[in-house]
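Participant: I am attaching a structure below and will ask some questions about it afterwards.
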There are 2 protein chains.
Amino acid sequence: MSTTSSSAVTLASINPKVLKCEYAVCGEIVSHAQLLQEDLKAKPGSYSFDEIVYCNIGNPQSLGQPPVTFFREVLALCDHPSILDRDETHALFSADAIARATEILDVIPARAAGGYSSSQGTKGLREVIAAGIASRDGYPCNADDIFLTDGASSAVRMMMQLLISSEKDGIMCPIPLCPLYSASIALQGGFLVPYCLDETTGWGLETSELRKQFEDAHSKGITVKALVVINPGNPTGQVLEEENQRQIIEFCKKESLVILADEVYQDNIYVEEKKFNSFKKIVRSMGFCDKDISLVSFHSASKGFYGECGQRGGYMEAIGFSYAVREHNYKLACVNHCCPVMSGQILASLIMNPPKPGDESYESFSIERDGILSSLARRAKALEDAFNSIEGVTCNKAEGAMYLFPRIHLPKKAIEAAKAANSLPDAFYAHRLLDATGIVVVPGSGFGQVPGTWHVRCSILPQEDKIPGIISRFKAFHESFMQEFQD
Amino acid sequence: MSTTSSSAVTLASINPKVLKCEYAVCGEIVSHAQLLQEDLKAKPGSYSFDEIVYCNIGNPQSLGQPPVTFFREVLALCDHPSILDRDETHALFSADAIARATEILDVIPARAAGGYSSSQGTKGLREVIAAGIASRDGYPCNADDIFLTDGASSAVRMMMQLLISSEKDGIMCPIPLCPLYSASIALQGGFLVPYCLDETTGWGLETSELRKQFEDAHSKGITVKALVVINPGNPTGQVLEEENQRQIIEFCKKESLVILADEVYQDNIYVEEKKFNSFKKIVRSMGFCDKDISLVSFHSASKGFYGECGQRGGYMEAIGFSYAVREHNYKLACVNHCCPVMSGQILASLIMNPPKPGDESYESFSIERDGILSSLARRAKALEDAFNSIEGVTCNKAEGAMYLFPRIHLPKKAIEAAKAANSLPDAFYAHRLLDATGIVVVPGSGFGQVPGTWHVRCSILPQEDKIPGIISRFKAFHESFMQEFQD
């Protein structure tokens, strides 16, 4: 394709909001990694490493994690229901997968997984999810509050579309922050009101900081519409205490802010002393009903122990939205995606209603689930310990989610060298790491960080047998880097 | 859920662009149909009809069209690859479906259909699609020009995001128009520059009309960025002549407009004298290269004879975009959908590379395809003839696509009655039709129409054995309606 075009679309003619938007997770370092990977394939042995290890994104199956068998059995049967009654099918598939696929098809109009569903998602599947939420929280859930979506990202985008009309509309977001939020706010032309998590207290979330930033934004003429809270944290991995959640809810109620609760890592908790509590549960336990507060909880089939990223399943539960607003949200869903993809809808119902004791698949399902989660916990701990054992690196615990966000204490000379290379110091570090080891991490600047501090986000997802090699390569690189740039 | 909320999100606090946006296909009449359907289920026999017939949307499988067997075999095997080598699988699935699933998994990194792919779509699948396009057009196609998307709608939205920065940016669109375009332009805050199709010449597209509307918009200070052309037409069903396509291309080249070619109905042609030519093919046949013109062709797995709406497969081929712009488009894809859903990606590759002569499935695949297409052609003709046989209704031929757009010549008294009911005349008519017959059509006002003319869009998708009943119910309703409101 030509790069100098006479009639072609050029940078000058496109939407400046698109130009401005940044998205580090798929950014320049990942493109560089892909080039290295192609080069490595073409010229094996030409690097000091023999593969690229993608720790930049929460993409477990691409790193070798097998899918959950029961989920895939059900998906396959829903895709090809004409084999449901065949004898060979009973030899190939578990009985409860066959039963579940039949139940699912029974709630899809005309049993057609190839038809458009309601833009809000198939009602019968929303009812299954609502029952799963009710059972998780111990409070009722209304299927009409559920919007099925293509992963959580399309739900987040829909909320930003609904809430933001101009650069005077503010959304409060934690710093560091999963860049999906900053990018969605930028594309919608809104204002990101940052609130900083406190690294020294394990990425603590202080309401005094919320208040300070809210008032600061207000004084600048910003109408703050909503507050994003990510629990378990991304990229920071902390799990909120119940008391802290109550404070956040009180703050949002007082200021009439919609709580946008990213709860996609709710199944990823790695420490015994912490437990996931949904914001919905805490809101209800405080006695608040729909007229008191507006809350959206995002969930996804891409994360958890199932990690079905490519299947694009997800939902949001939206409470405290007037009926009229929900009608507009429904219209947005129609325009944005016609309907959420059926396989994703089915998966979303499966993650909220997995096999139960007594089902044929229950034991094998439990073994798969526990195997993945316990391995993730070991990987999180091994990487955390390794980072903390390295001079010039400090790292909070990953209590949950899929990442560590170690702080790299860079020497002045490295910062100057980065500047000379027209790069941010953490991006400079991450590039050197990639070139030396094949390990892909995301520079902390892509998430936001307290000025003068530098981090990288590193997923805990490489398969367990690779972790020792990653650690030793990282250590060796870091020592050599620090030696090169010592002050 | 409460409708009067103190802290809940209300209409006053949401984005006015969302309030303003309209989307007739899922609009008020469809909600009414769903209520009727529930009522009918609860109280069978309480209406003069025994089912709701959804002619409002191009959703063939929900109306009983079975999926294409080969496509579903491949999808199921990609979902659950661990059965690929089992003996029972060979008894249940065709050999070429097993081979194809294996080929597809081989081009997916880590063979993981549950992993995120590149946000542009899996390279190996884009290569298959590019080969299919090259074979269709007789001109080369570059896999780097293909962006896989969740159906065509997400591709359209992405292009509107890329091209529109303010209400001064105009997109030329045919009237009548598939409302996805008007809704996407409204949500993005752009300006829709309408050009009217000529009903008297079978929805002809005149370049004199393009020029007139372009100049009119220009004189109002609008920067026209792109021209949408839908071929075969939706809702209008016409298939463009090659000479007409050349004129459109010349016009867009002269005015540096991006051609946004909606070609999702390319496999749906029902008349022998017409043939689908892609805009890409015509552009190339005119000798234009990437620097001469920017063109985006949208395609979807939701339409054609396959009708896999719920699977959300689609792609766009974008030529004449600078490398830098394409990088921004890639970023938009990352933010908008992380990656297109894998099952949709697989389906998009299948529709562009179906079984070939010699493959085990070729014969059964051909029988399924030809059966569906010939039946659609018969249904289109039967409905067209029926509409034209009714006094006060005239209807152009459906040469392609999935709809008829008959003009309803409403008497003055009906128009007055509609006004008194605070309704548009065509919406009033469509409501009465639904209440009397259970047939759901979309009022023409949802698509735009020449002022003073009234239409409805009616899909040709109900199964063939239902067509005579639909026709007789429609006729009886129309006669009674006309009698009630005769001038």
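Identifiers in this document derive from the order of the structure tokens: chains are assigned A, B, ..., residues are numbered from 1 separately in each chain, and ligands are numbered from 1 in order of occurrence.
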Select from region 62-294 of chain A everything DSSP, run on the backbone, classes as strand (DSSP E), then give the selection as a ChimeraX atom specification.
Facilitator: /A:146-149,169-175,191-196,223-230,258-262
Participant: Please provide as a ChimeraX atom specification all residues within 10 Å of region 273-276 of chain B, with the sequence filter that same-chain residues fewer than 6 positions apart are discarded (counting only C-alpha atoms).
Facilitator: /B:231-232,238-242,263,265-267,399-400
Participant: Residues at most 9 Å from region 189-194 of chain B, counting only C-alpha atoms, excluding those fewer than 5 positions away in the same chain, as an NGL selection string?
Facilitator: :B and (17 or 160 or 164-176 or 181-182 or 184 or 210 or 213-214 or 216-217 or 222 or 224 or 227)
Participant: Compute the chain B side of the contact with chain A at 6 Å, counting only C-alpha atoms, and hand it back as a PDB file with C-alpha atoms, in the first residue's frame.
Facilitator:
```
ATOM      1  CA  THR B   3     -38.850   4.689  37.674  1.00  0.00           C
ATOM      2  CA  SER B   5     -35.143   7.774  41.300  1.00  0.00           C
ATOM      3  CA  SER B   6     -33.348  10.247  43.442  1.00  0.00           C
ATOM      4  CA  SER B   7     -29.763   9.226  42.816  1.00  0.00           C
ATOM      5  CA  ALA B   8     -30.366   7.123  39.716  1.00  0.00           C
ATOM      6  CA  VAL B   9     -29.213   8.053  36.239  1.00  0.00           C
ATOM      7  CA  THR B  10     -31.994   9.953  34.450  1.00  0.00           C
ATOM      8  CA  LEU B  11     -32.584  11.314  30.970  1.00  0.00           C
ATOM      9  CA  ILE B  14     -27.161  11.271  29.738  1.00  0.00           C
ATOM     10  CA  ASN B  15     -25.518  12.109  26.435  1.00  0.00           C
ATOM     11  CA  ASN B  59     -32.719 -12.635  10.703  1.00  0.00           C
ATOM     12  CA  GLN B  61     -32.359 -18.500  11.205  1.00  0.00           C
ATOM     13  CA  SER B  62     -34.799 -17.133  13.773  1.00  0.00           C
ATOM     14  CA  ARG B  72     -21.395 -25.421  11.770  1.00  0.00           C
ATOM     15  CA  ALA B  76     -18.052 -27.016  16.527  1.00  0.00           C
ATOM     16  CA  ASP B  79     -14.707 -25.021  19.690  1.00  0.00           C
ATOM     17  CA  HIS B  80     -13.736 -28.429  20.933  1.00  0.00           C
ATOM     18  CA  GLU B  88     -16.540 -41.119  16.680  1.00  0.00           C
ATOM     19  CA  ALA B 110      -1.148 -21.679  20.084  1.00  0.00           C
ATOM     20  CA  ALA B 112      -6.209 -21.344  20.860  1.00  0.00           C
ATOM     21  CA  GLY B 114     -10.057 -18.891  23.138  1.00  0.00           C
ATOM     22  CA  GLY B 115      -7.132 -16.503  22.914  1.00  0.00           C
ATOM     23  CA  TYR B 116      -7.294 -12.860  21.857  1.00  0.00           C
ATOM     24  CA  LEU B 162     -12.351   7.443  12.339  1.00  0.00           C
ATOM     25  CA  LEU B 163     -13.863   9.958   9.920  1.00  0.00           C
ATOM     26  CA  ILE B 164     -16.204  12.144  11.980  1.00  0.00           C
ATOM     27  CA  SER B 165     -14.889  14.702  14.465  1.00  0.00           C
ATOM     28  CA  SER B 256     -11.916  13.005  -2.492  1.00  0.00           C
ATOM     29  CA  LYS B 291      -3.312   6.601  -4.104  1.00  0.00           C
ATOM     30  CA  ASP B 292      -6.266   7.484  -6.331  1.00  0.00           C
ATOM     31  CA  ILE B 293      -9.145   6.591  -4.084  1.00  0.00           C
ATOM     32  CA  SER B 294     -10.062   5.353  -0.588  1.00  0.00           C
ATOM     33  CA  GLU B 308     -25.315 -16.391  10.673  1.00  0.00           C
ATOM     34  CA  CYS B 309     -26.495 -13.194  12.409  1.00  0.00           C
ATOM     35  CA  GLY B 310     -25.863 -14.385  15.960  1.00  0.00           C
ATOM     36  CA  GLN B 311     -22.271 -15.339  15.255  1.00  0.00           C
ATOM     37  CA  ARG B 312     -21.135 -11.769  14.539  1.00  0.00           C
ATOM     38  CA  GLY B 320      -6.294   3.801  -0.030  1.00  0.00           C
ATOM     39  CA  PHE B 321      -5.635   4.488   3.636  1.00  0.00           C
ATOM     40  CA  SER B 322      -2.169   5.743   4.528  1.00  0.00           C
ATOM     41  CA  TYR B 323      -0.071   3.476   6.710  1.00  0.00           C
ATOM     42  CA  VAL B 325      -4.130   6.036   9.365  1.00  0.00           C
ATOM     43  CA  VAL B 341     -14.856 -12.832  18.164  1.00  0.00           C
ATOM     44  CA  MET B 342     -13.029 -15.958  16.990  1.00  0.00           C
TER      45      MET B 342
END
```
Participant: Record the distance separating CA of Gly202 (chain A) and CA of Arg432 (chain A), expressed in Å with one decimal.
Facilitator: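 One can read the CA of Gly202 (chain A) to CA of Arg432 (chain A) distance as 27.6 Å.
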Participant: Name the residues of region 240-462 of chain B that fall into alpha helix (DSSP H) according to DSSP on the backbone, using the chain letters and numbers of this document, as number ranges by chain.
Facilitator: B: 242-254, 279-285, 323-337, 342-351, 362-388, 412-420, 425-437
Participant: Could you jot down the CA of Lys41 (chain B) to CA of Gln120 (chain A) separation for me, Å, one decimal place?
Facilitator: 21.2 Å
